Amino acid sequence: MDAPRQSPLPPPPAVADHRVALAQRKREQMRRRILEATMQVFARVNDDAPVIEDVVREADIARGTFYKHFSSLDQALVAAGSAANDRMIADILPLYDCLKEPWQRSSVGFRVYMVRALQDPKWALFVSRMDAWSHESLITRYMQDDFRRGQALGQFELDDVAAAVDFFKGASSGGVYAISRGVADPDAYMDQAVRMALRSLGCTPELRERGVAFSRKHLADWRNGERSAWTPL
């Protein structure tokens, strides 16, 4: 019996289903819309206990549309917090990722959040909520890496890196909130906050003062246009 003849032509390429791609883009756009509405609602000073209806109204969507993307308001808040912090990390990478020493990265990273709060109080009111700081966010991973390296180099004295990260995030959130509500001397406040943050990491007094001076100058250079980060709001 003769072997079946094979076609000399390759099989036709699979036709991409553009409807699937379009539906995915629309879904992503709606998710971003809901997250943006969540941030707007939670950033308002008077919205101490927002409910789903507040987010639905802000996004101008049906309640059922919300539940297609999130099972609860808490889930949406955590996702919005991760998105806000990840966006912040992406914005400041040119300013932060050029630094090699853990004490430099920690002092600049801590101060830059307060500088952003000074420029954008509405953003600050949202990210100062501790339930907006996800354990899966980029900021958490960057802190963990910096703290472990600082510990290995003898710059930081830490018993538990995970506890140090949580403490540092709490201190950062408190500083952001205070700056957004107004302090008498923002630069002096930031100096003292950076000093205490580095002390919590076990830095020596000399290294704490270097961190304060370095972070102040590094961000002053950025303000003067010598370095780049996000566009000031």
# chains A, B, ... in the order shown; residues from 1 in each chain; ligands from 1

$ residues_around --residues "Phe126 of chain A" --least-positions-apart "5" --cutoff "10 Å" --atoms "only C-alpha atoms" --output "VMD selection string"
chain A and resid 38 to 45 77 80 to 81 84 121 131 to 132 173 176 to 177

$ write_last_selection --atoms "N, CA and C atoms" --output "mmCIF file, in the first residue's frame"
data_model
loop_
_atom_site.group_PDB
_atom_site.id
_atom_site.type_symbol
_atom_site.label_atom_id
_atom_site.label_comp_id
_atom_site.auth_asym_id
_atom_site.auth_seq_id
_atom_site.Cartn_x
_atom_site.Cartn_y
_atom_site.Cartn_z
ATOM 1 N N THR A 38 -11.190 53.593 43.059
ATOM 2 C CA THR A 38 -10.926 53.179 44.443
ATOM 3 C C THR A 38 -9.945 54.134 45.109
ATOM 4 N N MET A 39 -8.875 54.491 44.385
ATOM 5 C CA MET A 39 -7.890 55.431 44.931
ATOM 6 C C MET A 39 -8.512 56.798 45.192
ATOM 7 N N GLN A 40 -9.336 57.267 44.266
ATOM 8 C CA GLN A 40 -9.975 58.573 44.421
ATOM 9 C C GLN A 40 -10.880 58.588 45.650
ATOM 10 N N VAL A 41 -11.652 57.533 45.822
ATOM 11 C CA VAL A 41 -12.597 57.471 46.945
ATOM 12 C C VAL A 41 -11.866 57.402 48.277
ATOM 13 N N PHE A 42 -10.856 56.547 48.367
ATOM 14 C CA PHE A 42 -10.149 56.372 49.632
ATOM 15 C C PHE A 42 -9.225 57.543 49.950
ATOM 16 N N ALA A 43 -8.894 58.359 48.952
ATOM 17 C CA ALA A 43 -8.016 59.509 49.186
ATOM 18 C C ALA A 43 -8.754 60.689 49.789
ATOM 19 N N ARG A 44 -10.071 60.666 49.769
ATOM 20 C CA ARG A 44 -10.828 61.789 50.304
ATOM 21 C C ARG A 44 -10.817 61.747 51.832
ATOM 22 N N VAL A 45 -10.538 62.897 52.400
ATOM 23 C CA VAL A 45 -10.384 62.980 53.846
ATOM 24 C C VAL A 45 -11.638 62.518 54.572
ATOM 25 N N LEU A 77 -9.004 47.496 47.167
ATOM 26 C CA LEU A 77 -8.112 48.424 47.863
ATOM 27 C C LEU A 77 -6.676 47.906 47.863
ATOM 28 N N ALA A 80 -5.346 48.304 44.396
ATOM 29 C CA ALA A 80 -5.071 49.717 44.106
ATOM 30 C C ALA A 80 -3.810 50.173 44.832
ATOM 31 N N GLY A 81 -3.629 49.715 46.063
ATOM 32 C CA GLY A 81 -2.429 50.073 46.813
ATOM 33 C C GLY A 81 -1.170 49.536 46.165
ATOM 34 N N ALA A 84 -0.475 51.625 43.065
ATOM 35 C CA ALA A 84 0.055 52.955 43.378
ATOM 36 C C ALA A 84 1.514 52.879 43.803
ATOM 37 N N PRO A 121 -0.666 65.905 47.901
ATOM 38 C CA PRO A 121 -1.346 65.484 49.130
ATOM 39 C C PRO A 121 -2.441 64.453 48.897
ATOM 40 N N ASP A 131 -3.519 49.667 54.796
ATOM 41 C CA ASP A 131 -4.099 48.570 54.027
ATOM 42 C C ASP A 131 -3.843 48.743 52.536
ATOM 43 N N ALA A 132 -3.170 49.828 52.156
ATOM 44 C CA ALA A 132 -2.800 50.026 50.754
ATOM 45 C C ALA A 132 -1.376 49.542 50.473
ATOM 46 N N SER A 173 4.582 55.327 55.975
ATOM 47 C CA SER A 173 3.180 55.714 55.859
ATOM 48 C C SER A 173 2.849 56.862 56.808
ATOM 49 N N VAL A 176 4.454 60.108 55.468
ATOM 50 C CA VAL A 176 3.702 60.586 54.300
ATOM 51 C C VAL A 176 2.436 61.301 54.746
ATOM 52 N N TYR A 177 1.725 60.696 55.698
ATOM 53 C CA TYR A 177 0.469 61.287 56.171
ATOM 54 C C TYR A 177 0.715 62.634 56.852
#

$ closest_residue --among "A:Ala83, A:Gln151, A:Ile179, A:Val165" --to "Leu125 of chain A" --atoms "only C-alpha atoms"
A:Ile179

$ atom_distance --atom1 "atom CA of Ala213 of chain A" --atom2 "atom CA of Gln104 of chain A"
10.1 Å

$ residues_around --residues "Leu138 of chain A" --least-positions-apart "6" --cutoff "12 Å" --atoms "only C-alpha atoms" --output "ChimeraX atom specification"
/A:81-90,93,144-145

$ atom_distance --atom1 "atom CA of His135 of chain A" --atom2 "atom CA of Phe147 of chain A"
15.3 Å

$ select_by_dssp --residues "segment 67-103 of chain A" --states "helix (DSSP H, G or I)" --output "PyMOL selection string"
chain A and resi 67-69+73-96+102-103

$ write_last_selection --atoms "N, CA and C atoms" --output "PDB file, in the first residue's frame"
ATOM      1  N   TYR A  67     -18.070  43.574  40.540  1.00  0.00           N
ATOM      2  CA  TYR A  67     -17.878  42.200  41.002  1.00  0.00           C
ATOM      3  C   TYR A  67     -17.316  41.276  39.926  1.00  0.00           C
ATOM      4  N   LYS A  68     -17.321  41.702  38.691  1.00  0.00           N
ATOM      5  CA  LYS A  68     -16.659  40.912  37.644  1.00  0.00           C
ATOM      6  C   LYS A  68     -15.150  40.965  37.793  1.00  0.00           C
ATOM      7  N   HIS A  69     -14.666  41.988  38.498  1.00  0.00           N
ATOM      8  CA  HIS A  69     -13.222  42.187  38.634  1.00  0.00           C
ATOM      9  C   HIS A  69     -12.719  41.955  40.056  1.00  0.00           C
ATOM     10  N   LEU A  73     -14.497  45.039  48.380  1.00  0.00           N
ATOM     11  CA  LEU A  73     -13.830  46.343  48.377  1.00  0.00           C
ATOM     12  C   LEU A  73     -12.413  46.219  48.920  1.00  0.00           C
ATOM     13  N   ASP A  74     -12.207  45.351  49.899  1.00  0.00           N
ATOM     14  CA  ASP A  74     -10.874  45.138  50.442  1.00  0.00           C
ATOM     15  C   ASP A  74      -9.913  44.636  49.365  1.00  0.00           C
ATOM     16  N   GLN A  75     -10.391  43.728  48.522  1.00  0.00           N
ATOM     17  CA  GLN A  75      -9.545  43.211  47.453  1.00  0.00           C
ATOM     18  C   GLN A  75      -9.172  44.318  46.468  1.00  0.00           C
ATOM     19  N   ALA A  76     -10.142  45.168  46.147  1.00  0.00           N
ATOM     20  CA  ALA A  76      -9.874  46.280  45.242  1.00  0.00           C
ATOM     21  C   ALA A  76      -8.889  47.261  45.868  1.00  0.00           C
ATOM     22  N   LEU A  77      -9.004  47.496  47.167  1.00  0.00           N
ATOM     23  CA  LEU A  77      -8.112  48.424  47.863  1.00  0.00           C
ATOM     24  C   LEU A  77      -6.676  47.906  47.863  1.00  0.00           C
ATOM     25  N   VAL A  78      -6.510  46.619  48.150  1.00  0.00           N
ATOM     26  CA  VAL A  78      -5.164  46.037  48.140  1.00  0.00           C
ATOM     27  C   VAL A  78      -4.556  46.129  46.743  1.00  0.00           C
ATOM     28  N   ALA A  79      -5.361  45.827  45.718  1.00  0.00           N
ATOM     29  CA  ALA A  79      -4.867  45.916  44.336  1.00  0.00           C
ATOM     30  C   ALA A  79      -4.515  47.349  43.973  1.00  0.00           C
ATOM     31  N   ALA A  80      -5.346  48.304  44.396  1.00  0.00           N
ATOM     32  CA  ALA A  80      -5.071  49.717  44.106  1.00  0.00           C
ATOM     33  C   ALA A  80      -3.810  50.173  44.832  1.00  0.00           C
ATOM     34  N   GLY A  81      -3.629  49.715  46.063  1.00  0.00           N
ATOM     35  CA  GLY A  81      -2.429  50.073  46.813  1.00  0.00           C
ATOM     36  C   GLY A  81      -1.170  49.536  46.165  1.00  0.00           C
ATOM     37  N   SER A  82      -1.223  48.285  45.717  1.00  0.00           N
ATOM     38  CA  SER A  82      -0.075  47.699  45.033  1.00  0.00           C
ATOM     39  C   SER A  82       0.233  48.463  43.747  1.00  0.00           C
ATOM     40  N   ALA A  83      -0.823  48.821  43.020  1.00  0.00           N
ATOM     41  CA  ALA A  83      -0.627  49.557  41.767  1.00  0.00           C
ATOM     42  C   ALA A  83       0.000  50.920  42.025  1.00  0.00           C
ATOM     43  N   ALA A  84      -0.475  51.625  43.065  1.00  0.00           N
ATOM     44  CA  ALA A  84       0.055  52.955  43.378  1.00  0.00           C
ATOM     45  C   ALA A  84       1.514  52.879  43.803  1.00  0.00           C
ATOM     46  N   ASN A  85       1.846  51.903  44.655  1.00  0.00           N
ATOM     47  CA  ASN A  85       3.220  51.780  45.118  1.00  0.00           C
ATOM     48  C   ASN A  85       4.144  51.286  44.009  1.00  0.00           C
ATOM     49  N   ASP A  86       3.643  50.360  43.171  1.00  0.00           N
ATOM     50  CA  ASP A  86       4.467  49.882  42.057  1.00  0.00           C
ATOM     51  C   ASP A  86       4.735  51.009  41.064  1.00  0.00           C
ATOM     52  N   ARG A  87       3.722  51.848  40.839  1.00  0.00           N
ATOM     53  CA  ARG A  87       3.898  52.990  39.945  1.00  0.00           C
ATOM     54  C   ARG A  87       4.926  53.968  40.528  1.00  0.00           C
ATOM     55  N   MET A  88       4.874  54.141  41.838  1.00  0.00           N
ATOM     56  CA  MET A  88       5.828  55.033  42.503  1.00  0.00           C
ATOM     57  C   MET A  88       7.252  54.494  42.334  1.00  0.00           C
ATOM     58  N   ILE A  89       7.434  53.195  42.536  1.00  0.00           N
ATOM     59  CA  ILE A  89       8.754  52.588  42.367  1.00  0.00           C
ATOM     60  C   ILE A  89       9.252  52.777  40.941  1.00  0.00           C
ATOM     61  N   ALA A  90       8.376  52.545  39.966  1.00  0.00           N
ATOM     62  CA  ALA A  90       8.765  52.721  38.560  1.00  0.00           C
ATOM     63  C   ALA A  90       9.165  54.169  38.279  1.00  0.00           C
ATOM     64  N   ASP A  91       8.442  55.111  38.895  1.00  0.00           N
ATOM     65  CA  ASP A  91       8.733  56.526  38.682  1.00  0.00           C
ATOM     66  C   ASP A  91      10.101  56.931  39.241  1.00  0.00           C
ATOM     67  N   ILE A  92      10.454  56.365  40.409  1.00  0.00           N
ATOM     68  CA  ILE A  92      11.670  56.838  41.073  1.00  0.00           C
ATOM     69  C   ILE A  92      12.905  55.998  40.740  1.00  0.00           C
ATOM     70  N   LEU A  93      12.758  54.960  39.930  1.00  0.00           N
ATOM     71  CA  LEU A  93      13.915  54.109  39.635  1.00  0.00           C
ATOM     72  C   LEU A  93      15.128  54.889  39.123  1.00  0.00           C
ATOM     73  N   PRO A  94      14.952  55.877  38.216  1.00  0.00           N
ATOM     74  CA  PRO A  94      16.135  56.621  37.771  1.00  0.00           C
ATOM     75  C   PRO A  94      16.836  57.356  38.916  1.00  0.00           C
ATOM     76  N   LEU A  95      16.088  57.667  39.941  1.00  0.00           N
ATOM     77  CA  LEU A  95      16.618  58.412  41.075  1.00  0.00           C
ATOM     78  C   LEU A  95      17.219  57.490  42.129  1.00  0.00           C
ATOM     79  N   TYR A  96      16.706  56.272  42.190  1.00  0.00           N
ATOM     80  CA  TYR A  96      16.986  55.360  43.296  1.00  0.00           C
ATOM     81  C   TYR A  96      17.886  54.188  42.897  1.00  0.00           C
ATOM     82  N   PRO A 102      23.304  50.095  50.478  1.00  0.00           N
ATOM     83  CA  PRO A 102      21.990  49.943  51.109  1.00  0.00           C
ATOM     84  C   PRO A 102      21.573  51.137  51.964  1.00  0.00           C
ATOM     85  N   TRP A 103      22.516  51.751  52.684  1.00  0.00           N
ATOM     86  CA  TRP A 103      22.143  52.897  53.522  1.00  0.00           C
ATOM     87  C   TRP A 103      21.721  54.088  52.663  1.00  0.00           C
TER      88      TRP A 103
END

$ atom_distance --atom1 "atom CA of Leu207 of chain A" --atom2 "atom CA of Arg195 of chain A"
9.3 Å

$ decode --residues "segment 9-129 of chain A" --atoms "C-alpha atoms" --output "short mmCIF file (atom, residue, chain, number, x, y, z; two decimals), in the first residue's frame"
data_model
loop_
_atom_site.label_atom_id
_atom_site.label_comp_id
_atom_site.auth_asym_id
_atom_site.auth_seq_id
_atom_site.Cartn_x
_atom_site.Cartn_y
_atom_site.Cartn_z
CA LEU A 9 2.46 23.30 1.51
CA PRO A 10 2.72 24.08 5.24
CA PRO A 11 -0.53 24.22 7.17
CA PRO A 12 -2.15 27.65 7.20
CA PRO A 13 -1.23 29.78 10.24
CA ALA A 14 -3.75 29.96 13.03
CA VAL A 15 -5.94 32.99 12.68
CA ALA A 16 -5.70 35.21 15.75
CA ASP A 17 -9.02 35.83 17.38
CA HIS A 18 -9.01 39.62 17.57
CA ARG A 19 -12.23 39.54 19.55
CA VAL A 20 -10.46 37.77 22.39
CA ALA A 21 -7.63 40.34 22.37
CA LEU A 22 -10.12 43.20 22.26
CA ALA A 23 -12.12 41.75 25.15
CA GLN A 24 -8.91 41.39 27.18
CA ARG A 25 -7.94 45.03 26.55
CA LYS A 26 -11.40 46.20 27.56
CA ARG A 27 -11.21 44.11 30.71
CA GLU A 28 -7.83 45.59 31.62
CA GLN A 29 -9.10 49.11 30.95
CA MET A 30 -12.14 48.54 33.17
CA ARG A 31 -9.95 47.10 35.92
CA ARG A 32 -7.71 50.19 35.81
CA ARG A 33 -10.83 52.38 35.89
CA ILE A 34 -12.07 50.64 39.03
CA LEU A 35 -8.66 50.89 40.69
CA GLU A 36 -8.44 54.59 39.89
CA ALA A 37 -11.92 55.13 41.32
CA THR A 38 -10.93 53.18 44.44
CA MET A 39 -7.89 55.43 44.93
CA GLN A 40 -9.97 58.57 44.42
CA VAL A 41 -12.60 57.47 46.95
CA PHE A 42 -10.15 56.37 49.63
CA ALA A 43 -8.02 59.51 49.19
CA ARG A 44 -10.83 61.79 50.30
CA VAL A 45 -10.38 62.98 53.85
CA ASN A 46 -14.06 62.57 54.77
CA ASP A 47 -14.38 59.07 53.35
CA ASP A 48 -13.36 57.22 56.52
CA ALA A 49 -15.39 54.12 55.68
CA PRO A 50 -16.13 53.97 51.95
CA VAL A 51 -18.40 51.26 50.59
CA ILE A 52 -18.63 49.62 47.18
CA GLU A 53 -21.37 52.02 46.12
CA ASP A 54 -18.91 54.90 46.48
CA VAL A 55 -16.45 53.24 44.11
CA VAL A 56 -19.21 52.25 41.67
CA ARG A 57 -20.47 55.84 41.62
CA GLU A 58 -16.96 57.26 41.15
CA ALA A 59 -16.21 54.88 38.27
CA ASP A 60 -19.70 55.38 36.78
CA ILE A 61 -20.27 51.64 36.40
CA ALA A 62 -22.84 49.08 37.47
CA ARG A 63 -22.33 47.20 40.74
CA GLY A 64 -22.21 43.93 38.79
CA THR A 65 -19.29 45.27 36.74
CA PHE A 66 -17.32 45.81 39.93
CA TYR A 67 -17.88 42.20 41.00
CA LYS A 68 -16.66 40.91 37.64
CA HIS A 69 -13.22 42.19 38.63
CA PHE A 70 -13.11 42.13 42.45
CA SER A 71 -14.89 40.02 45.04
CA SER A 72 -14.80 42.73 47.71
CA LEU A 73 -13.83 46.34 48.38
CA ASP A 74 -10.87 45.14 50.44
CA GLN A 75 -9.54 43.21 47.45
CA ALA A 76 -9.87 46.28 45.24
CA LEU A 77 -8.11 48.42 47.86
CA VAL A 78 -5.16 46.04 48.14
CA ALA A 79 -4.87 45.92 44.34
CA ALA A 80 -5.07 49.72 44.11
CA GLY A 81 -2.43 50.07 46.81
CA SER A 82 -0.07 47.70 45.03
CA ALA A 83 -0.63 49.56 41.77
CA ALA A 84 0.05 52.95 43.38
CA ASN A 85 3.22 51.78 45.12
CA ASP A 86 4.47 49.88 42.06
CA ARG A 87 3.90 52.99 39.95
CA MET A 88 5.83 55.03 42.50
CA ILE A 89 8.75 52.59 42.37
CA ALA A 90 8.77 52.72 38.56
CA ASP A 91 8.73 56.53 38.68
CA ILE A 92 11.67 56.84 41.07
CA LEU A 93 13.92 54.11 39.64
CA PRO A 94 16.14 56.62 37.77
CA LEU A 95 16.62 58.41 41.08
CA TYR A 96 16.99 55.36 43.30
CA ASP A 97 18.35 52.43 41.34
CA CYS A 98 21.60 54.21 40.52
CA LEU A 99 22.53 53.96 44.21
CA LYS A 100 24.58 50.96 45.30
CA GLU A 101 24.95 51.25 49.07
CA PRO A 102 21.99 49.94 51.11
CA TRP A 103 22.14 52.90 53.52
CA GLN A 104 21.93 55.30 50.57
CA ARG A 105 19.00 53.45 49.00
CA SER A 106 17.11 53.25 52.29
CA SER A 107 17.61 56.90 53.21
CA VAL A 108 16.66 58.16 49.74
CA GLY A 109 13.74 55.75 49.43
CA PHE A 110 12.36 56.82 52.78
CA ARG A 111 12.69 60.53 52.05
CA VAL A 112 11.38 60.43 48.49
CA TYR A 113 7.95 59.25 49.62
CA MET A 114 7.67 62.29 51.87
CA VAL A 115 8.81 64.58 49.05
CA ARG A 116 6.09 63.12 46.83
CA ALA A 117 3.56 63.67 49.64
CA LEU A 118 4.57 67.33 49.78
CA GLN A 119 3.86 67.67 46.06
CA ASP A 120 0.71 65.56 45.89
CA PRO A 121 -1.35 65.48 49.13
CA LYS A 122 -4.19 63.55 47.48
CA TRP A 123 -1.82 60.75 46.51
CA ALA A 124 -0.40 60.85 50.02
CA LEU A 125 -3.78 60.44 51.67
CA PHE A 126 -4.28 57.23 49.76
CA VAL A 127 -0.85 55.61 50.16
CA SER A 128 -0.69 56.54 53.85
CA ARG A 129 -3.40 53.94 54.50
#
